[in-house]
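Peer 1: One file is attached below, structure02.cif, containing mmCIF, C-alpha atoms and all ligand atoms.
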data_work
#
loop_
_atom_site.label_atom_id
_atom_site.label_comp_id
_atom_site.auth_asym_id
_atom_site.auth_seq_id
_atom_site.Cartn_x
_atom_site.Cartn_y
_atom_site.Cartn_z
CA MET Q 1 -3.68 31.37 -8.26
CA TYR Q 2 -5.40 27.98 -8.42
CA SER Q 3 -7.51 26.26 -5.80
CA VAL Q 4 -6.14 22.93 -4.56
CA ASP Q 5 -8.90 21.06 -6.40
CA GLU Q 6 -8.38 22.90 -9.71
CA ALA Q 7 -4.63 22.44 -9.50
CA LEU Q 8 -4.96 18.72 -8.76
CA GLU Q 9 -7.38 18.19 -11.63
CA ARG Q 10 -5.13 20.02 -14.09
CA ILE Q 11 -2.05 18.20 -12.90
CA LEU Q 12 -3.65 14.74 -13.02
CA SER Q 13 -4.79 15.31 -16.60
CA HIS Q 14 -1.11 15.04 -17.61
CA PHE Q 15 -0.74 11.50 -16.28
CA SER Q 16 -1.89 8.08 -17.42
CA PRO Q 17 -0.74 4.58 -16.42
CA LEU Q 18 2.68 3.40 -17.58
CA PRO Q 19 2.95 0.25 -19.69
CA ALA Q 20 2.88 -3.18 -18.08
CA GLU Q 21 5.77 -5.58 -17.61
CA THR Q 22 5.86 -9.19 -16.45
CA VAL Q 23 7.75 -10.01 -13.27
CA PRO Q 24 8.35 -13.24 -11.33
CA LEU Q 25 6.01 -13.50 -8.36
CA GLU Q 26 8.95 -13.37 -5.93
CA GLU Q 27 9.70 -9.85 -7.19
CA ALA Q 28 6.09 -8.65 -7.24
CA PHE Q 29 5.81 -7.35 -3.67
CA GLY Q 30 4.76 -3.68 -3.66
CA ARG Q 31 3.99 -3.65 -7.36
CA VAL Q 32 0.61 -2.73 -8.89
CA LEU Q 33 -1.33 -5.25 -10.96
CA ALA Q 34 -1.79 -4.24 -14.59
CA GLN Q 35 -4.42 -6.94 -15.25
CA PRO Q 36 -7.35 -8.41 -13.36
CA ILE Q 37 -6.58 -11.90 -12.04
CA ARG Q 38 -9.06 -14.75 -12.38
CA ALA Q 39 -8.54 -18.08 -10.66
CA ALA Q 40 -7.14 -20.70 -13.03
CA HIS Q 41 -8.40 -23.47 -10.74
CA ASP Q 42 -10.40 -24.06 -7.58
CA LEU Q 43 -8.81 -23.26 -4.24
CA PRO Q 44 -8.47 -25.66 -2.56
CA PRO Q 45 -8.08 -27.64 -5.77
CA PHE Q 46 -9.66 -30.79 -4.27
CA ALA Q 47 -11.84 -31.75 -1.30
CA ASN Q 48 -9.46 -32.42 1.58
CA SER Q 49 -9.39 -33.07 5.27
CA ALA Q 50 -9.47 -30.03 7.59
CA LEU Q 51 -7.99 -32.10 10.43
CA ASP Q 52 -6.08 -35.22 11.41
CA GLY Q 53 -8.54 -38.09 11.87
CA TYR Q 54 -10.53 -40.77 10.09
CA ALA Q 55 -12.39 -40.33 6.81
CA VAL Q 56 -15.80 -42.02 6.98
CA ARG Q 57 -19.28 -42.09 5.56
CA ALA Q 58 -21.25 -40.00 8.07
CA ALA Q 59 -24.12 -42.51 7.87
CA ASP Q 60 -21.81 -45.31 9.06
CA VAL Q 61 -21.10 -43.50 12.37
CA ALA Q 62 -24.56 -41.98 12.92
CA THR Q 63 -25.08 -43.96 16.14
CA ALA Q 64 -21.56 -43.47 17.56
CA SER Q 65 -21.21 -41.95 21.03
CA ALA Q 66 -18.69 -42.07 23.87
CA GLU Q 67 -20.78 -44.79 25.58
CA GLN Q 68 -21.54 -46.75 22.41
CA PRO Q 69 -18.60 -46.26 20.02
CA VAL Q 70 -18.72 -47.74 16.53
CA LEU Q 71 -15.85 -50.04 15.57
CA LEU Q 72 -14.71 -49.74 11.93
CA PRO Q 73 -11.94 -51.59 10.09
CA VAL Q 74 -9.24 -49.22 8.80
CA SER Q 75 -9.12 -49.65 5.02
CA GLY Q 76 -6.35 -47.20 4.13
CA ASP Q 77 -3.94 -44.48 5.14
CA ILE Q 78 -3.71 -41.07 3.41
CA PRO Q 79 -0.83 -38.79 4.37
CA ALA Q 80 -0.91 -35.20 3.04
CA GLY Q 81 0.35 -34.99 -0.53
CA SER Q 82 -0.65 -38.56 -1.38
CA PHE Q 83 -3.99 -39.80 -2.60
CA PRO Q 84 -6.19 -42.78 -1.73
CA GLN Q 85 -5.57 -45.86 -3.88
CA ALA Q 86 -9.26 -46.82 -3.98
CA PRO Q 87 -12.67 -45.48 -2.89
CA LEU Q 88 -13.58 -45.88 0.77
CA PRO Q 89 -15.24 -49.31 1.19
CA PRO Q 90 -18.59 -49.01 3.01
CA GLN Q 91 -18.47 -49.57 6.78
CA THR Q 92 -14.74 -48.77 6.97
CA ALA Q 93 -12.58 -45.75 7.85
CA MET Q 94 -9.33 -44.44 6.33
CA ARG Q 95 -6.77 -42.68 8.45
CA ILE Q 96 -6.25 -39.19 6.94
CA MET Q 97 -3.99 -36.22 7.66
CA THR Q 98 -4.85 -32.51 7.42
CA GLY Q 99 -4.74 -31.38 3.80
CA ALA Q 100 -4.89 -34.91 2.35
CA LEU Q 101 -7.26 -35.66 -0.51
CA LEU Q 102 -10.57 -37.09 0.70
CA PRO Q 103 -11.20 -40.63 -0.64
CA GLU Q 104 -14.14 -41.11 -2.94
CA GLY Q 105 -17.18 -42.24 -0.95
CA ALA Q 106 -16.13 -40.47 2.25
CA ASP Q 107 -18.17 -37.40 3.22
CA ALA Q 108 -16.81 -36.54 6.67
CA VAL Q 109 -13.72 -36.76 8.85
CA VAL Q 110 -13.90 -37.79 12.52
CA PRO Q 111 -11.26 -35.86 14.52
CA VAL Q 112 -8.60 -38.12 16.01
CA GLU Q 113 -9.62 -36.83 19.45
CA GLN Q 114 -13.02 -38.52 19.00
CA THR Q 115 -11.53 -41.94 18.28
CA ASP Q 116 -9.49 -44.35 20.39
CA GLU Q 117 -6.60 -43.06 18.25
CA GLY Q 118 -6.24 -46.58 16.88
CA ALA Q 119 -4.38 -49.38 18.65
CA SER Q 120 -0.99 -47.96 17.66
CA GLY Q 121 -1.73 -44.30 18.41
CA PHE Q 122 -1.87 -41.50 15.83
CA ALA Q 123 1.68 -41.09 14.64
CA MET Q 124 2.10 -40.25 11.02
CA ASN Q 125 5.02 -42.54 10.46
CA ALA Q 126 3.50 -45.52 12.33
CA PRO Q 127 1.36 -47.86 10.25
CA PRO Q 128 -2.39 -47.34 10.72
CA PRO Q 129 -4.21 -49.62 13.18
CA ALA Q 130 -6.36 -52.47 11.83
CA GLN Q 131 -9.48 -50.95 13.32
CA VAL Q 132 -10.63 -47.77 15.05
CA LEU Q 133 -13.27 -46.94 17.63
CA ILE Q 134 -15.33 -43.92 16.60
CA ARG Q 135 -16.65 -42.20 19.74
CA ALA Q 136 -18.83 -39.46 18.18
CA ALA Q 137 -21.25 -39.07 15.29
CA VAL Q 138 -20.38 -36.49 12.64
CA SER Q 139 -22.62 -34.90 10.05
CA ALA Q 140 -21.80 -35.04 6.33
CA GLY Q 141 -19.22 -32.39 5.47
CA HIS Q 142 -17.73 -32.27 8.97
CA GLY Q 143 -13.94 -31.87 8.88
CA VAL Q 144 -13.94 -31.49 5.08
CA ARG Q 145 -12.72 -28.47 3.09
CA GLN Q 146 -14.65 -28.64 -0.17
CA ALA Q 147 -12.96 -28.01 -3.52
CA GLY Q 148 -13.37 -24.32 -4.44
CA GLU Q 149 -14.78 -23.31 -1.07
CA ASP Q 150 -12.07 -20.62 -0.79
CA VAL Q 151 -11.94 -19.53 -4.47
CA ARG Q 152 -13.95 -20.86 -7.41
CA ALA Q 153 -12.15 -21.46 -10.73
CA GLY Q 154 -12.79 -18.42 -12.94
CA ALA Q 155 -13.61 -16.06 -10.07
CA LEU Q 156 -12.09 -12.55 -10.07
CA VAL Q 157 -9.58 -12.65 -7.21
CA LEU Q 158 -7.70 -9.36 -7.68
CA ASP Q 159 -8.61 -6.39 -9.82
CA SER Q 160 -6.09 -4.45 -11.85
CA GLY Q 161 -4.69 -1.48 -9.93
CA ARG Q 162 -4.37 -3.60 -6.82
CA SER Q 163 -1.14 -3.21 -4.93
CA LEU Q 164 0.49 -6.53 -4.04
CA GLY Q 165 1.10 -7.16 -0.35
CA ALA Q 166 1.57 -10.41 1.53
CA ALA Q 167 -2.01 -11.70 1.23
CA GLU Q 168 -2.19 -10.85 -2.48
CA ILE Q 169 1.15 -12.59 -3.16
CA GLY Q 170 -0.16 -15.57 -1.16
CA ILE Q 171 -3.32 -16.01 -3.20
CA LEU Q 172 -1.40 -15.63 -6.49
CA ALA Q 173 1.06 -18.30 -5.33
CA GLY Q 174 -1.85 -20.56 -4.31
CA LEU Q 175 -3.28 -20.19 -7.80
CA GLY Q 176 0.03 -21.19 -9.36
CA MET Q 177 0.78 -17.79 -10.89
CA ALA Q 178 4.57 -17.80 -11.12
CA GLN Q 179 4.60 -14.41 -12.82
CA VAL Q 180 2.30 -11.42 -12.98
CA SER Q 181 1.76 -8.39 -15.14
CA VAL Q 182 2.41 -5.15 -13.24
CA THR Q 183 2.82 -1.53 -14.27
CA ARG Q 184 6.39 -0.43 -14.80
CA ARG Q 185 7.83 1.41 -11.81
CA PRO Q 186 7.87 5.17 -12.45
CA VAL Q 187 11.39 6.65 -12.35
CA VAL Q 188 11.37 9.97 -10.54
CA ALA Q 189 14.25 12.43 -10.91
CA ILE Q 190 14.78 14.61 -7.84
CA LEU Q 191 16.77 17.83 -7.76
CA SER Q 192 17.50 20.08 -4.79
CA THR Q 193 18.30 23.69 -5.62
CA GLY Q 194 19.82 26.41 -3.48
CA ASP Q 195 23.19 28.06 -2.90
CA GLU Q 196 22.82 27.40 0.83
CA LEU Q 197 22.59 23.60 0.56
CA LEU Q 198 25.19 21.02 1.51
CA PRO Q 199 24.77 17.25 1.32
CA PRO Q 200 24.07 15.59 4.71
CA HIS Q 201 27.61 14.17 4.89
CA ALA Q 202 29.36 17.55 4.49
CA PRO Q 203 30.31 19.47 7.66
CA LEU Q 204 28.20 22.59 8.14
CA THR Q 205 29.86 25.87 7.31
CA ARG Q 206 28.66 29.40 8.04
CA GLY Q 207 25.35 30.25 6.36
CA LYS Q 208 24.81 26.77 4.97
CA ILE Q 209 22.24 24.08 5.83
CA HIS Q 210 21.99 20.39 5.01
CA ASP Q 211 19.73 19.42 2.15
CA MET Q 212 16.66 17.75 3.66
CA ASN Q 213 14.41 17.66 0.62
CA GLY Q 214 16.55 15.51 -1.64
CA LEU Q 215 16.62 12.42 0.51
CA ALA Q 216 13.17 13.02 2.03
CA LEU Q 217 11.62 13.01 -1.45
CA CYS Q 218 13.66 9.96 -2.46
CA ALA Q 219 12.08 8.18 0.53
CA ALA Q 220 8.55 9.41 -0.28
CA VAL Q 221 8.97 8.13 -3.84
CA GLN Q 222 10.28 4.74 -2.68
CA ARG Q 223 7.39 4.40 -0.25
CA LEU Q 224 5.06 4.31 -3.26
CA GLY Q 225 7.07 1.63 -5.04
CA CYS Q 226 8.62 4.12 -7.47
CA VAL Q 227 12.32 4.52 -8.29
CA PRO Q 228 14.04 7.74 -7.15
CA ARG Q 229 16.97 9.09 -9.15
CA PHE Q 230 18.65 11.79 -7.11
CA LEU Q 231 20.30 14.42 -9.28
CA GLY Q 232 22.04 16.14 -6.39
CA ILE Q 233 22.12 19.80 -5.43
CA ALA Q 234 22.18 22.59 -8.01
CA PRO Q 235 23.23 26.10 -7.02
CA ASP Q 236 20.87 28.99 -7.78
CA SER Q 237 21.85 29.52 -11.40
CA VAL Q 238 19.84 28.90 -14.56
CA GLU Q 239 22.78 27.14 -16.17
CA ALA Q 240 23.32 24.77 -13.22
CA VAL Q 241 19.63 23.92 -12.84
CA TYR Q 242 19.24 23.40 -16.59
CA SER Q 243 22.20 21.07 -16.90
CA ARG Q 244 20.94 18.92 -13.99
CA LEU Q 245 17.48 18.79 -15.52
CA GLU Q 246 18.99 17.60 -18.79
CA ALA Q 247 20.04 14.45 -16.95
CA ALA Q 248 16.37 13.82 -16.07
CA ALA Q 249 15.06 13.61 -19.63
CA GLU Q 250 14.70 9.80 -19.44
CA SER Q 251 12.61 9.79 -16.27
CA ASP Q 252 8.83 9.64 -15.91
CA LEU Q 253 8.60 12.62 -13.57
CA ILE Q 254 10.89 15.40 -12.37
CA LEU Q 255 10.72 16.97 -8.92
CA SER Q 256 12.79 20.00 -8.01
CA THR Q 257 12.62 21.89 -4.76
CA ALA Q 258 13.05 25.58 -3.95
CA GLY Q 259 13.56 28.51 -6.27
CA VAL Q 260 9.83 28.82 -7.00
CA SER Q 261 8.80 31.46 -4.47
CA VAL Q 262 8.21 35.03 -5.67
CA GLY Q 263 11.74 36.30 -5.29
CA ALA Q 264 13.43 33.19 -6.56
CA LEU Q 265 11.13 31.88 -9.26
CA ASP Q 266 13.14 33.02 -12.21
CA VAL Q 267 15.97 30.53 -11.89
CA VAL Q 268 13.82 27.40 -12.08
CA LYS Q 269 11.34 28.98 -14.47
CA GLU Q 270 14.04 30.05 -16.90
CA ALA Q 271 15.79 26.71 -16.73
CA VAL Q 272 12.53 24.83 -17.40
CA ALA Q 273 11.56 27.28 -20.18
CA ARG Q 274 14.60 26.25 -22.22
CA ARG Q 275 13.01 22.87 -22.95
CA GLY Q 276 9.43 23.25 -21.78
CA SER Q 277 7.19 25.51 -19.74
CA LEU Q 278 5.36 25.94 -16.48
CA SER Q 279 1.60 25.69 -16.95
CA LEU Q 280 0.63 26.29 -13.34
CA TRP Q 281 2.10 28.33 -10.52
CA ARG Q 282 0.82 29.12 -7.03
CA VAL Q 283 -1.94 27.25 -5.27
CA ASN Q 284 -4.26 28.67 -2.63
CA MET Q 285 -2.93 26.49 0.17
CA ARG Q 286 -0.80 26.60 3.28
CA PRO Q 287 1.88 25.37 3.36
CA GLY Q 288 2.84 24.98 -0.29
CA LYS Q 289 1.53 28.07 -2.07
CA PRO Q 290 4.48 28.51 -4.52
CA LEU Q 291 3.98 25.07 -6.14
CA ALA Q 292 4.75 25.07 -9.88
CA PHE Q 293 3.91 22.44 -12.50
CA GLY Q 294 4.81 22.06 -16.15
CA THR Q 295 6.91 19.92 -18.47
CA PHE Q 296 10.60 19.72 -19.25
CA GLY Q 297 11.68 17.85 -22.36
CA GLY Q 298 8.21 16.29 -22.46
CA VAL Q 299 8.52 14.98 -18.90
CA PRO Q 300 6.02 16.25 -16.29
CA PHE Q 301 7.80 18.59 -13.90
CA PHE Q 302 6.90 19.69 -10.36
CA GLY Q 303 8.68 22.70 -8.89
CA LEU Q 304 8.03 22.05 -5.21
CA PRO Q 305 8.57 24.77 -2.61
CA GLY Q 306 11.89 24.77 -0.76
CA ASN Q 307 10.70 24.63 2.82
CA PRO Q 308 10.90 20.96 3.77
CA VAL Q 309 7.35 20.82 5.17
CA SER Q 310 5.95 22.55 2.08
CA ALA Q 311 7.87 20.15 -0.14
CA LEU Q 312 6.52 17.06 1.64
CA VAL Q 313 2.96 18.39 1.98
CA THR Q 314 2.76 19.29 -1.72
CA PHE Q 315 4.24 15.86 -2.47
CA GLU Q 316 1.44 14.29 -0.44
CA ILE Q 317 -1.35 16.35 -1.99
CA PHE Q 318 -0.22 16.49 -5.64
CA VAL Q 319 2.73 14.23 -6.41
CA ARG Q 320 1.43 11.13 -4.65
CA PRO Q 321 -1.84 11.01 -6.64
CA ALA Q 322 0.11 11.67 -9.84
CA LEU Q 323 2.45 8.74 -9.11
CA LEU Q 324 -0.48 6.49 -8.19
CA LYS Q 325 -2.08 7.39 -11.51
CA LEU Q 326 1.17 6.51 -13.32
CA LEU Q 327 1.10 3.21 -11.47
CA GLY Q 328 -2.50 2.56 -12.50
CA ALA Q 329 -3.52 2.46 -8.81
CA PRO Q 330 -6.58 4.19 -7.33
CA HIS Q 331 -5.63 7.81 -6.66
CA ALA Q 332 -8.86 9.61 -5.92
CA ASN Q 333 -9.55 8.65 -2.32
CA MET Q 334 -6.63 9.02 0.04
CA PRO Q 335 -7.19 7.72 3.57
CA HIS Q 336 -8.95 10.22 5.80
CA ALA Q 337 -10.33 10.24 9.31
CA VAL Q 338 -12.69 12.79 10.82
CA ALA Q 339 -11.40 14.36 14.02
CA GLU Q 340 -12.53 16.95 16.50
CA VAL Q 341 -10.23 19.94 16.88
CA ALA Q 342 -8.89 19.89 20.47
CA GLU Q 343 -7.51 23.42 20.53
CA ALA Q 344 -8.63 26.53 18.65
CA MET Q 345 -6.80 27.02 15.33
CA HIS Q 346 -6.44 29.91 12.93
CA SER Q 347 -5.93 30.08 9.20
CA ASP Q 348 -5.40 32.92 6.74
CA GLY Q 349 -8.24 31.68 4.53
CA ARG Q 350 -6.14 29.48 2.27
CA ARG Q 351 -6.85 25.74 2.41
CA THR Q 352 -4.67 24.81 5.34
CA PHE Q 353 -3.03 21.49 6.01
CA ALA Q 354 -2.20 21.58 9.72
CA ARG Q 355 0.15 18.99 11.21
CA VAL Q 356 -1.82 17.21 13.94
CA LYS Q 357 -1.49 14.40 16.44
CA LEU Q 358 -4.57 12.26 16.86
CA ARG Q 359 -5.75 10.95 20.24
CA ARG Q 360 -8.60 8.50 20.68
CA GLN Q 361 -10.75 9.37 23.70
CA PRO Q 362 -12.23 6.64 25.94
CA ASP Q 363 -15.68 7.61 24.60
CA GLY Q 364 -14.46 6.90 21.05
CA ARG Q 365 -14.05 10.51 19.87
CA LEU Q 366 -10.91 11.26 17.87
CA LEU Q 367 -9.20 14.49 18.95
CA ALA Q 368 -6.72 16.44 16.81
CA HIS Q 369 -3.97 18.36 18.65
CA SER Q 370 -1.46 20.59 16.93
CA ALA Q 371 1.75 18.57 16.43
CA GLY Q 372 3.88 21.66 17.16
CA THR Q 373 4.86 24.83 15.32
CA GLN Q 374 3.03 25.13 12.01
CA SER Q 375 5.86 27.07 10.37
CA SER Q 376 6.58 25.59 6.95
CA GLY Q 377 10.27 25.49 7.80
CA ALA Q 378 9.77 23.33 10.92
CA ILE Q 379 10.03 19.67 10.05
CA SER Q 380 9.89 18.40 13.66
CA SER Q 381 6.13 18.90 13.81
CA LEU Q 382 5.80 16.82 10.65
CA VAL Q 383 7.80 14.09 12.34
CA ASN Q 384 5.39 14.26 15.31
CA ALA Q 385 2.21 14.36 13.23
CA ASP Q 386 -0.20 11.52 12.48
CA GLY Q 387 -1.74 13.44 9.61
CA LEU Q 388 -2.80 16.74 8.09
CA LEU Q 389 -5.97 18.40 9.40
CA ILE Q 390 -7.66 20.11 6.48
CA ILE Q 391 -9.13 23.56 7.14
CA PRO Q 392 -11.22 24.56 4.12
CA GLU Q 393 -10.73 27.70 2.03
CA GLY Q 394 -12.35 30.81 3.45
CA VAL Q 395 -12.29 29.62 7.06
CA THR Q 396 -10.13 31.69 9.38
CA GLU Q 397 -11.24 30.61 12.87
CA VAL Q 398 -11.61 26.99 13.89
CA PRO Q 399 -13.19 26.73 17.37
CA VAL Q 400 -12.57 23.80 19.70
CA GLY Q 401 -14.87 20.90 18.87
CA THR Q 402 -15.04 21.55 15.10
CA GLN Q 403 -15.12 18.30 13.11
CA LEU Q 404 -12.67 18.29 10.20
CA PRO Q 405 -11.12 15.70 7.90
CA VAL Q 406 -7.56 14.54 8.56
CA ARG Q 407 -5.41 13.11 5.80
CA LEU Q 408 -3.63 10.18 7.46
CA PHE Q 409 0.08 9.50 7.01
CA ASP Q 410 1.94 6.31 6.39
CA GLN Q 411 -0.83 4.36 4.77
CA PRO Q 412 0.26 1.77 2.30
CA LEU Q 413 -0.85 2.34 -1.30
P1 LIG R 501 13.29 29.07 -1.53
O1 LIG R 501 12.06 28.48 -2.12
O2 LIG R 501 14.49 28.87 -2.36
O3 LIG R 501 13.06 30.52 -1.19
O4 LIG R 501 13.54 28.32 -0.14
C1 LIG R 501 12.63 28.44 0.92
C2 LIG R 501 13.28 27.96 2.20
O5 LIG R 501 13.49 26.58 2.13
C3 LIG R 501 14.63 28.58 2.50
O6 LIG R 501 14.72 28.80 3.88
C4 LIG R 501 15.60 27.50 2.07
O7 LIG R 501 16.83 27.57 2.75
C5 LIG R 501 14.85 26.27 2.44
N1 LIG R 501 15.25 25.11 1.64
C6 LIG R 501 15.31 25.09 0.30
N2 LIG R 501 15.72 23.89 -0.14
C7 LIG R 501 15.95 23.15 0.95
C8 LIG R 501 16.39 21.82 1.15
N3 LIG R 501 16.67 21.03 0.10
N4 LIG R 501 16.52 21.36 2.40
C9 LIG R 501 16.22 22.17 3.45
N5 LIG R 501 15.77 23.42 3.33
C10 LIG R 501 15.66 23.93 2.11
MG MG R 502 16.38 29.52 -2.42
#
Just give me the structure as structure tokens.

Peer 2:
Amino acid sequence: MYSVDEALERILSHFSPLPAETVPLEEAFGRVLAQPIRAAHDLPPFANSALDGYAVRAADVATASAEQPVLLPVSGDIPAGSFPQAPLPPQTAMRIMTGALLPEGADAVVPVEQTDEGASGFAMNAPPPAQVLIRAAVSAGHGVRQAGEDVRAGALVLDSGRSLGAAEIGILAGLGMAQVSVTRRPVVAILSTGDELLPPHAPLTRGKIHDMNGLALCAAVQRLGCVPRFLGIAPDSVEAVYSRLEAAAESDLILSTAGVSVGALDVVKEAVARRGSLSLWRVNMRPGKPLAFGTFGGVPFFGLPGNPVSALVTFEIFVRPALLKLLGAPHANMPHAVAEVAEAMHSDGRRTFARVKLRRQPDGRLLAHSAGTQSSGAISSLVNADGLLIIPEGVTEVPVGTQLPVRLFDQPL
């Protein structure tokens, strides 16, 4: 029997990042960068106005106030997307819109609210007034977004291994990156085993249950940006399991559920042994003890336990880091909180992952309550849980008030 840490280390040693592929930026959401990204140009690419107003030399309006405004001739008009035809003549102002390129010579923008708005008002499509009253002094740089003040050309903006969400896609678009290099999506074959299983659409008959693990694992795999390939349900026979596994030879990872506990191990073990072997079986944890790992046809293989909670917890603890490693994403530090146990808990001395609900107290303390029955067959408490409270090996009694780590659910990559 392996400890959780030994098992994880052994398992992870079988995985390394998949090769990269180039995808259009519009298809890059949820993917993992295979290369660090450096800015090809400054962002913003040129000094521009942060507001609608009048571009000036700050020195020309140094004496302006509401009581003693400064009158300047308007020497130009710069809508966003255009550029000034000539430098700003001294002692003049140019009307400028937010985002428009600052004329040479100008060093500040007076907000339209601090002018008389020009004789014709401040409408973009109306011609600019001949002159404008400036009612406030501005210092150099006021109302100006300098070139490169957001991102400098050449700066590292995203490191490889970074998962691409909305902000990351935004900065790549802003830098003109129409395509990016990302790791190939791992394809994960998923097989449910058990004579008692029916697909969710089949009416229940006596002694049968619906297969929960197949679709639950497909979802867990998709959540990580990987591609599930559901192989269906195999009955408890070596021949049936083997022939389904044959169909998984092209995938990057194989997950099967059930048939790995003491009484039932032989079916999955024998089927895997025909084209590979199991290198690890049984981990000192609860739920999830019967976990098996090996290879089939050269593809890494997890034999996950059949109980739906055990299957999803072992996915979380072992399969998720393995998939993150295949993706080239950070896999060592999963999101944790530290919570105070709100009701006494017991363990049998294995490392225990207890389904808990977290409640923030008014004084800031985070309390962990049991999310319901901790039976590994009871999926409702997993549905109710915010995370898994981790009771270390060797601990059997956890008194109220004990501080323990909680592995949080539903975090993005
Ligand atoms: P086993 O590992 O085959 O002994 O299965 C352990 C328990 O998990 C049994 O109660 C099975 O009926 C149940 N089980 C196995 N596979 C599934 C599945 N795909 N969906 C729901 N329950 C399952
Ligand atoms: Mg079974």

Peer 1: Determine, counting all atoms listed in the file, which protein, DNA and RNA residues have an atom within 7 Å of an atom of Leu101 of chain Q; residues of the same chain fewer than 5 positions away are not included. Present the result as a CSV table (one decimal) with C-alpha atoms, in the frame of the given file.

Peer 2:
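File selection.csv, as written:
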chain,number,residue,atom,x,y,z
Q,46,PHE,CA,-9.7,-30.8,-4.3
Q,47,ALA,CA,-11.8,-31.8,-1.3
Q,48,ASN,CA,-9.5,-32.4,1.6
Q,49,SER,CA,-9.4,-33.1,5.3
Q,83,PHE,CA,-4.0,-39.8,-2.6

Peer 1: As a PyMOL selection string, please: the residues near Leu191 of chain Q (cut-off 12 Å, only C-alpha atoms, same-chain neighbours under 5 positions excluded).

Peer 2: chain Q and resi 197+211-218+228-236+240-248+253-259+268+301-306+311

Peer 1: Using all atoms listed in the file, find the one residue out of Q:Gln68, Q:Ala219, Q:Leu389, Q:Ile317 that sits nearest to Ala332 of chain Q.

Peer 2: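 Of all the options, Q:Ile317 lies closest to Ala332 of chain Q.
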
Peer 1: When you draw a straight line from atom CA of Pro405 of chain Q to atom CA of Val260 of chain Q, how long is it in Å?

Peer 2: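 It comes out at 28.9 Å.
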
Peer 1: To one decimal place in Å, what is the distance between atom CA of Glu393 of chain Q and atom CA of Met1 of chain Q?

Peer 2: 13.0 Å

Peer 1: Compute the distance from (9.4, 14.9, -24.8) to each atom, counting all atoms listed in the file, keep the residues with any atom at most 10 Å away, and return them as a PyMOL selection string; use the coordinates of the file.

Peer 2: chain Q and resi 249-250+275-276+295-300

Peer 1: Give the answer as one residue: which of Q:Leu164, Q:Ile209, Q:Leu175, Q:Val110 has the shortest atom-to-atom distance to ligand MG 502 (chain R), using only C-alpha atoms and all ligand atoms?

Peer 2: Q:Ile209

Peer 1: Hey, can you pull every residue with an atom no more than 9 Å from (4.7, 4.1, -2.5), using only C-alpha atoms, and send it as a list of chain:residue names?

Peer 2: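 Checked against the point, the hits come out as Q:Gly30, Q:Ala219, Q:Ala220, Q:Val221, Q:Gln222, Q:Arg223, Q:Leu224, Q:Gly225, Q:Cys226, Q:Arg320, Q:Leu323, Q:Leu324, Q:Pro412, Q:Leu413.
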
Peer 1: Since we have the selection now, will you write its residues out, keeping C-alpha atoms, as a CSV table (one decimal), in the coordinates of the input?

Peer 2:
chain,number,residue,atom,x,y,z
Q,30,GLY,CA,4.8,-3.7,-3.7
Q,219,ALA,CA,12.1,8.2,0.5
Q,220,ALA,CA,8.6,9.4,-0.3
Q,221,VAL,CA,9.0,8.1,-3.8
Q,222,GLN,CA,10.3,4.7,-2.7
Q,223,ARG,CA,7.4,4.4,-0.2
Q,224,LEU,CA,5.1,4.3,-3.3
Q,225,GLY,CA,7.1,1.6,-5.0
Q,226,CYS,CA,8.6,4.1,-7.5
Q,320,ARG,CA,1.4,11.1,-4.6
Q,323,LEU,CA,2.4,8.7,-9.1
Q,324,LEU,CA,-0.5,6.5,-8.2
Q,412,PRO,CA,0.3,1.8,2.3
Q,413,LEU,CA,-0.8,2.3,-1.3

Peer 1: Which is closest to Arg274 of chain Q among Q:Val144, Q:Val238, Q:Ala153, Q:Ala166, if we use all atoms listed in the file?

Peer 2: Q:Val238

Peer 1: Just give me the gap between atom CA of Ala137 of chain Q and atom CA of Ala59 of chain Q in Å, one decimal is fine.

Peer 2: 8.7 Å

Peer 1: Write out as number ranges by chain the residues lying within 9 Å of Gly176 of chain Q, counting all atoms listed in the file and excluding same-chain residues fewer than 5 positions away.

Peer 2: Q: 40-41, 171

Peer 1: Nearest to ligand MG 502 (chain R): which of Q:Val109, Q:Val262, Q:Ile190, Q:Ala126 is it, counting all atoms listed in the file?

Peer 2: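 The closest residue to ligand MG 502 (chain R) is Q:Val262.
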